[in-house]
Amino acid sequence: MNATVRMVWWVNRLRCMSVAEIGYRLRQAAQTKMARKAAGRAAPEPLPRARTFRIQGAPDLAPSQIEALLAEADRICAGHVVLFADRSFDVGVPTVWNRDPDSGVTGPSVFSGDIAIDNPDLVGDIKHVWELNRHLHLVRLAQAWSVSGDVRWLHALEQQLRSWLDQCPPLTGPNWVSPMELGIRLINWALLWQLVGGEASSLFAGESGQRLRADWLDSIHAHCRTISRNLSRHSSANNHLIGELAGLFVASSVWPCWKASSGWMEQSRRELEQQARLQYSLDGVNREQAFGYHVFSAEFLFVAGLVGQACDVPFSRTYWSVLQRALRFLRSVRDVGGNVPMVGDSDDGSVFRLDAAGSDRAAQLLALGDTVFAAHPYAHIGEHASIHPGVRWLLHALPGRRPDADAHEPDTGWAFPDGGYLLFGSQFGEENEIKGMLDCGPLGYLGIAAHGHADALALTLSVAGEQVLVDPGTYSYWQEQKWRDYFRGTSAHNTVRVDGRDQSVSGGRFMWLRKAQATIERMPASPSEFDFRGSHDGYTRLADPVRHLRSVRFDAATSTLVVRDEVAAKKAHPIELFWHFAPELNVRLTSTGLHVRGKRFALQMHATGADLKLELVRGAENPPLGWYSRCYESKQPSDVLRISTVSSAVPVECRFTITFF
């Protein structure tokens, strides 16, 4: 980021801050200067209070699961690590922890507060560095030890931990910049600690083992202290704050070894209770309006809650009710094929990975909820082969009593007006399911709405478990600016764009300056007889203010969806309406509209309006249009229908008729 761009970013960032936040940031800057002086100081001597849950062996696994686990552990020892959902990187043997394994750039071993993480020449892509240093893969080595009892996995763990502690001393290098990354690392260290046997582990045998234990505990103390002094506040108090608090709670519960530990535990427990309520709506929607972070934040809350149960410092019934409602929403928007709309940002980030790489995290989270909130006890959960393997591992590593929770929370719903989503369709959960979702909520959370997209009044649709009208996803946070702008912009969503501008005004890669606000003007009665009308004010900022009004009707009896878009303005404006289709579908323009064919259905779309131009676009690059990103840093061409006209009043109506075969 050059000096001019950085200055613009800072000006925009200040515009998103309150006076109280500016004061807080100034105090944090002063504290960072003090931390530089404290870097390198020895940690207090730990007391012998670390908690070991004394778990035995591993949960019951199928031979194929054991074989896959050991094969992955072998690849990890050879320096091949899966990061994000499914990308394998060569991280070196021994691992070079401060190096971006994609670009090869190694971050400097200097005071972490002096490192510009947005400078690719200095650190490469910081997401790659941080993902590796979350140490999800080190837990896989601990699992391999638990399954096999083979000491070579302990030796491998010792080498990995030793190299990390040597290369990443407290407050030095890029891996100490983000408190949330410290929190995730602490959670995975806690899982690793329990799986290898805790204090009594052979990992700590002999002089070198005792030195490893001492240095590891010193680093754990530095992690906790750094998080406690740098919690994300004000407009940054989103999933980062939940992650920081969860990591601090887990670490201070598993390693209550210092005078400050009890204070860290009580503060993090109290604030996690508060943030769970603040960051999820009353109907269970994560307020970042990003479904990837809905899952991510819930993973943090679950792990902290399970550690609380295991350490006999339980969270409240209200806390667990937040998670039950979050699962209800996730279960509701997920279609019969297991697809969840890719609303808002997602970077495939995981709090823990106890199953095969690339596994369905939404499915795992739902399975975890089904198990934790089920009526039967789970003292011997590891013996139940029908339970999701990742869930079996997590509950094996963190054994405890069942939490106090509402056993009568409904499984699913269709109307989530507080969170901003409404479902329409028919035969939910059945073979011939039609499931659509309308976005009528806010752009995102707090002042910067960091992970929201400019998608007001957009909708998605799946038929028979196959995605049809899609949200194209995220692609990347740090690739060329045009890709970040496209995937979070209005033209990448199934809604209307006016004057070629996004509904909301961006101030940076993770910042929105002006946020479109959607309003529900007519609430539908049911998903099968769905009749909605709403609007948003995103274009009222124009010199000639424009209000976009959208009506959505679905009739289950005829499997017909009708979407009517109007723009209210004094003058005529260029209008574009976008429909994004899943890449696997066969999409073609016809003389009467658009024909789409899937595996078990056909969809016919007919558009009416004044002087409409229909254009099918696929894989355009300048400017981008017609792309789909199934997972982080991966994109592929997909078909997009762009309907354009110039109008100030004449509506555009699109009628979709679905037939099964």
# chains A, B, ... in the order shown; residues from 1 in each chain; ligands from 1
>>> residues_around(residues="Phe601 in chain A", least_positions_apart="6", cutoff="6 Å", atoms="only C-alpha atoms", output="ChimeraX atom specification")
/A:659-661
>>> residues_around(residues="Asn494 in chain A", least_positions_apart="2", cutoff="7 Å", atoms="only C-alpha atoms", output="list in words")
Ala458, Leu459, Phe578, Trp579 and His580 of chain A
>>> write_last_selection(atoms="N, CA and C atoms", output="PDB file, in the first residue's frame")
ATOM      1  N   ALA A 458     -30.939  -9.004  -2.670  1.00  0.00           N
ATOM      2  CA  ALA A 458     -30.512 -10.110  -3.536  1.00  0.00           C
ATOM      3  C   ALA A 458     -31.216 -11.386  -3.103  1.00  0.00           C
ATOM      4  N   LEU A 459     -31.278 -12.340  -4.023  1.00  0.00           N
ATOM      5  CA  LEU A 459     -31.866 -13.629  -3.652  1.00  0.00           C
ATOM      6  C   LEU A 459     -31.053 -14.767  -4.246  1.00  0.00           C
ATOM      7  N   PHE A 578     -28.924  -8.414 -12.506  1.00  0.00           N
ATOM      8  CA  PHE A 578     -28.021  -9.553 -12.680  1.00  0.00           C
ATOM      9  C   PHE A 578     -28.642 -10.828 -12.113  1.00  0.00           C
ATOM     10  N   TRP A 579     -28.489 -11.919 -12.870  1.00  0.00           N
ATOM     11  CA  TRP A 579     -28.863 -13.254 -12.385  1.00  0.00           C
ATOM     12  C   TRP A 579     -27.659 -14.177 -12.579  1.00  0.00           C
ATOM     13  N   HIS A 580     -27.108 -14.647 -11.462  1.00  0.00           N
ATOM     14  CA  HIS A 580     -25.903 -15.482 -11.467  1.00  0.00           C
ATOM     15  C   HIS A 580     -26.282 -16.951 -11.314  1.00  0.00           C
TER      16      HIS A 580
END
>>> residues_around(residues="His155 in chain A", least_positions_apart="4", cutoff="12 Å", atoms="only C-alpha atoms", output="list in words")
Cys77, Leu138, Leu141, Ala142, Ala144, Trp145, Gly149, Asp150, Val151, Gln159, Gln160, Leu161, Arg162, Val196, Ser201, Ser202, Leu203, Phe204, Ala205, Ser208, Gly209 and Leu212 of chain A
>>> residues_around(residues="range 104-114 of chain A", least_positions_apart="4", cutoff="6 Å", atoms="only C-alpha atoms", output="PyMOL selection string")
chain A and resi 98-100+122-124+171-174+176-177
>>> write_last_selection(atoms="N, CA and C atoms", output="mmCIF file, in the first residue's frame")
data_model
loop_
_atom_site.group_PDB
_atom_site.id
_atom_site.type_symbol
_atom_site.label_atom_id
_atom_site.label_comp_id
_atom_site.auth_asym_id
_atom_site.auth_seq_id
_atom_site.Cartn_x
_atom_site.Cartn_y
_atom_site.Cartn_z
ATOM 1 N N ASN A 98 7.546 -18.093 9.416
ATOM 2 C CA ASN A 98 7.241 -16.707 9.047
ATOM 3 C C ASN A 98 7.173 -16.492 7.537
ATOM 4 N N ARG A 99 7.241 -17.564 6.782
ATOM 5 C CA ARG A 99 7.251 -17.465 5.318
ATOM 6 C C ARG A 99 5.868 -17.726 4.740
ATOM 7 N N ASP A 100 5.492 -16.901 3.760
ATOM 8 C CA ASP A 100 4.293 -17.168 2.965
ATOM 9 C C ASP A 100 4.619 -18.351 2.049
ATOM 10 N N LEU A 122 6.775 -7.269 1.917
ATOM 11 C CA LEU A 122 7.347 -7.481 3.245
ATOM 12 C C LEU A 122 6.960 -8.830 3.835
ATOM 13 N N VAL A 123 5.673 -9.223 3.670
ATOM 14 C CA VAL A 123 5.186 -10.444 4.332
ATOM 15 C C VAL A 123 4.558 -11.448 3.366
ATOM 16 N N GLY A 124 4.474 -11.116 2.071
ATOM 17 C CA GLY A 124 3.717 -11.970 1.155
ATOM 18 C C GLY A 124 2.234 -11.768 1.391
ATOM 19 N N LEU A 171 6.107 -11.494 20.673
ATOM 20 C CA LEU A 171 6.018 -10.155 20.085
ATOM 21 C C LEU A 171 6.991 -9.932 18.941
ATOM 22 N N THR A 172 7.450 -11.010 18.328
ATOM 23 C CA THR A 172 8.416 -10.899 17.236
ATOM 24 C C THR A 172 7.885 -11.589 15.980
ATOM 25 N N GLY A 173 7.841 -10.860 14.880
ATOM 26 C CA GLY A 173 7.435 -11.439 13.605
ATOM 27 C C GLY A 173 5.949 -11.317 13.336
ATOM 28 N N PRO A 174 5.527 -11.674 12.109
ATOM 29 C CA PRO A 174 4.136 -11.479 11.682
ATOM 30 C C PRO A 174 3.127 -12.323 12.436
ATOM 31 N N TRP A 176 2.682 -12.560 15.514
ATOM 32 C CA TRP A 176 2.248 -11.924 16.760
ATOM 33 C C TRP A 176 1.465 -10.643 16.497
ATOM 34 N N VAL A 177 1.095 -10.389 15.254
ATOM 35 C CA VAL A 177 0.411 -9.135 14.925
ATOM 36 C C VAL A 177 -1.065 -9.177 15.294
#
>>> closest_residue(among="A:Thr657, A:Gln143, A:Gln427, A:Ser236", to="Val562 in chain A", atoms="only C-alpha atoms")
A:Thr657
>>> residues_around(residues="range 10-23 of chain A", least_positions_apart="5", cutoff="7 Å", atoms="only C-alpha atoms", output="list in words")
His234, Ser235, Gly447, Ile448, Gly507 and Leu513 of chain A
>>> closest_residue(among="A:Ile643, A:Leu47, A:Ala450, A:Val82", to="Phe510 in chain A", atoms="only C-alpha atoms")
A:Ala450
>>> select_by_dssp(residues="range 442-611 of chain A", states="helix (DSSP H, G or I)", output="PDB file with C-alpha atoms, in the first residue's frame")
ATOM      1  CA  GLN A 481      -8.122  -4.807  -5.942  1.00  0.00           C
ATOM      2  CA  LYS A 482     -10.510  -5.289  -8.880  1.00  0.00           C
ATOM      3  CA  TRP A 483     -11.305  -8.838  -7.714  1.00  0.00           C
ATOM      4  CA  ARG A 484     -11.984  -7.792  -4.146  1.00  0.00           C
ATOM      5  CA  ASP A 485     -14.228  -4.991  -5.412  1.00  0.00           C
ATOM      6  CA  TYR A 486     -16.081  -7.280  -7.800  1.00  0.00           C
ATOM      7  CA  PHE A 487     -16.905 -10.167  -5.491  1.00  0.00           C
ATOM      8  CA  ARG A 488     -18.178  -7.874  -2.728  1.00  0.00           C
ATOM      9  CA  THR A 490     -23.460  -5.277  -6.380  1.00  0.00           C
ATOM     10  CA  SER A 491     -22.819  -6.723  -9.863  1.00  0.00           C
ATOM     11  CA  ALA A 492     -21.782 -10.035  -8.231  1.00  0.00           C
TER      12      ALA A 492
END
>>> residues_around(residues="range 348-351 of chain A", least_positions_apart="2", cutoff="6 Å", atoms="only C-alpha atoms", output="list of chain:residue names")
A:Phe84, A:Ala85, A:Ile184, A:Ser346
>>> write_last_selection(atoms="N, CA and C atoms", output="tab-separated table (two decimals), in the first residue's frame")
chain	number	residue	atom	x	y	z
A	84	PHE	N	-6.51	-23.45	4.24
A	84	PHE	CA	-7.84	-23.08	3.79
A	84	PHE	C	-8.66	-24.35	3.60
A	85	ALA	N	-9.49	-24.45	2.58
A	85	ALA	CA	-10.35	-25.63	2.46
A	85	ALA	C	-9.62	-26.84	1.91
A	184	ILE	N	-6.71	-18.45	18.11
A	184	ILE	CA	-6.91	-19.72	17.41
A	184	ILE	C	-5.77	-20.67	17.71
A	346	SER	N	-16.09	-14.92	3.13
A	346	SER	CA	-15.65	-16.19	3.73
A	346	SER	C	-14.22	-16.43	3.28
>>> select_by_dssp(residues="range 30-92 of chain A", states="strand (DSSP E or B)", output="PyMOL selection string")
chain A and resi 80-83+87-90
>>> write_last_selection(atoms="N, CA, C and O atoms", output="mmCIF file, in the first residue's frame")
data_model
loop_
_atom_site.group_PDB
_atom_site.id
_atom_site.type_symbol
_atom_site.label_atom_id
_atom_site.label_comp_id
_atom_site.auth_asym_id
_atom_site.auth_seq_id
_atom_site.Cartn_x
_atom_site.Cartn_y
_atom_site.Cartn_z
ATOM 1 N N HIS A 80 4.138 -30.968 3.651
ATOM 2 C CA HIS A 80 2.992 -30.665 2.786
ATOM 3 C C HIS A 80 1.744 -30.505 3.653
ATOM 4 O O HIS A 80 1.239 -31.473 4.217
ATOM 5 N N VAL A 81 1.259 -29.267 3.754
ATOM 6 C CA VAL A 81 0.176 -28.929 4.669
ATOM 7 C C VAL A 81 -0.991 -28.348 3.891
ATOM 8 O O VAL A 81 -0.795 -27.490 3.014
ATOM 9 N N VAL A 82 -2.207 -28.797 4.206
ATOM 10 C CA VAL A 82 -3.409 -28.251 3.592
ATOM 11 C C VAL A 82 -3.826 -27.002 4.355
ATOM 12 O O VAL A 82 -4.007 -27.036 5.581
ATOM 13 N N LEU A 83 -3.948 -25.897 3.637
ATOM 14 C CA LEU A 83 -4.415 -24.645 4.210
ATOM 15 C C LEU A 83 -5.722 -24.249 3.541
ATOM 16 O O LEU A 83 -6.006 -24.640 2.411
ATOM 17 N N ARG A 87 -6.255 -26.502 -0.272
ATOM 18 C CA ARG A 87 -5.027 -26.213 -1.011
ATOM 19 C C ARG A 87 -3.817 -26.716 -0.236
ATOM 20 O O ARG A 87 -3.642 -26.400 0.943
ATOM 21 N N SER A 88 -2.982 -27.495 -0.893
ATOM 22 C CA SER A 88 -1.791 -28.037 -0.261
ATOM 23 C C SER A 88 -0.588 -27.150 -0.574
ATOM 24 O O SER A 88 -0.387 -26.737 -1.719
ATOM 25 N N PHE A 89 0.204 -26.859 0.463
ATOM 26 C CA PHE A 89 1.381 -26.012 0.314
ATOM 27 C C PHE A 89 2.605 -26.749 0.848
ATOM 28 O O PHE A 89 2.523 -27.511 1.813
ATOM 29 N N ASP A 90 3.745 -26.461 0.235
ATOM 30 C CA ASP A 90 5.015 -26.971 0.735
ATOM 31 C C ASP A 90 5.566 -25.926 1.712
ATOM 32 O O ASP A 90 5.982 -24.846 1.314
#
>>> atom_distance(atom1="CA of Val567 in chain A", atom2="CA of Val333 in chain A")
28.8 Å
>>> closest_residue(among="A:Met437, A:Met180, A:Trp478, A:Trp258", to="Asp125 in chain A", atoms="only C-alpha atoms")
A:Trp478
>>> residues_around(residues="Ala237 in chain A", least_positions_apart="4", cutoff="12 Å", atoms="only C-alpha atoms", output="list in words")
Glu21, Met180, Asn230, Leu231, Ser232, Arg233, Leu241, Ile242, Gly243, Glu244, Leu245, Glu271, Leu272, Gln274, Gln275, Ala276, Leu278, Gln279, Arg287, Glu288, Tyr445, Leu446, Gly447, Ile448, Ala449 and Ala450 of chain A
>>> closest_residue(among="A:Ala397, A:Val285, A:Leu368, A:Ala556", to="Trp189 in chain A", atoms="only C-alpha atoms")
A:Ala397
>>> atom_distance(atom1="CA of Val129 in chain A", atom2="CA of Tyr475 in chain A")
17.5 Å
>>> closest_residue(among="A:Met7, A:Leu549, A:Ala78, A:Ala649", to="His573 in chain A", atoms="only C-alpha atoms")
A:Ala649
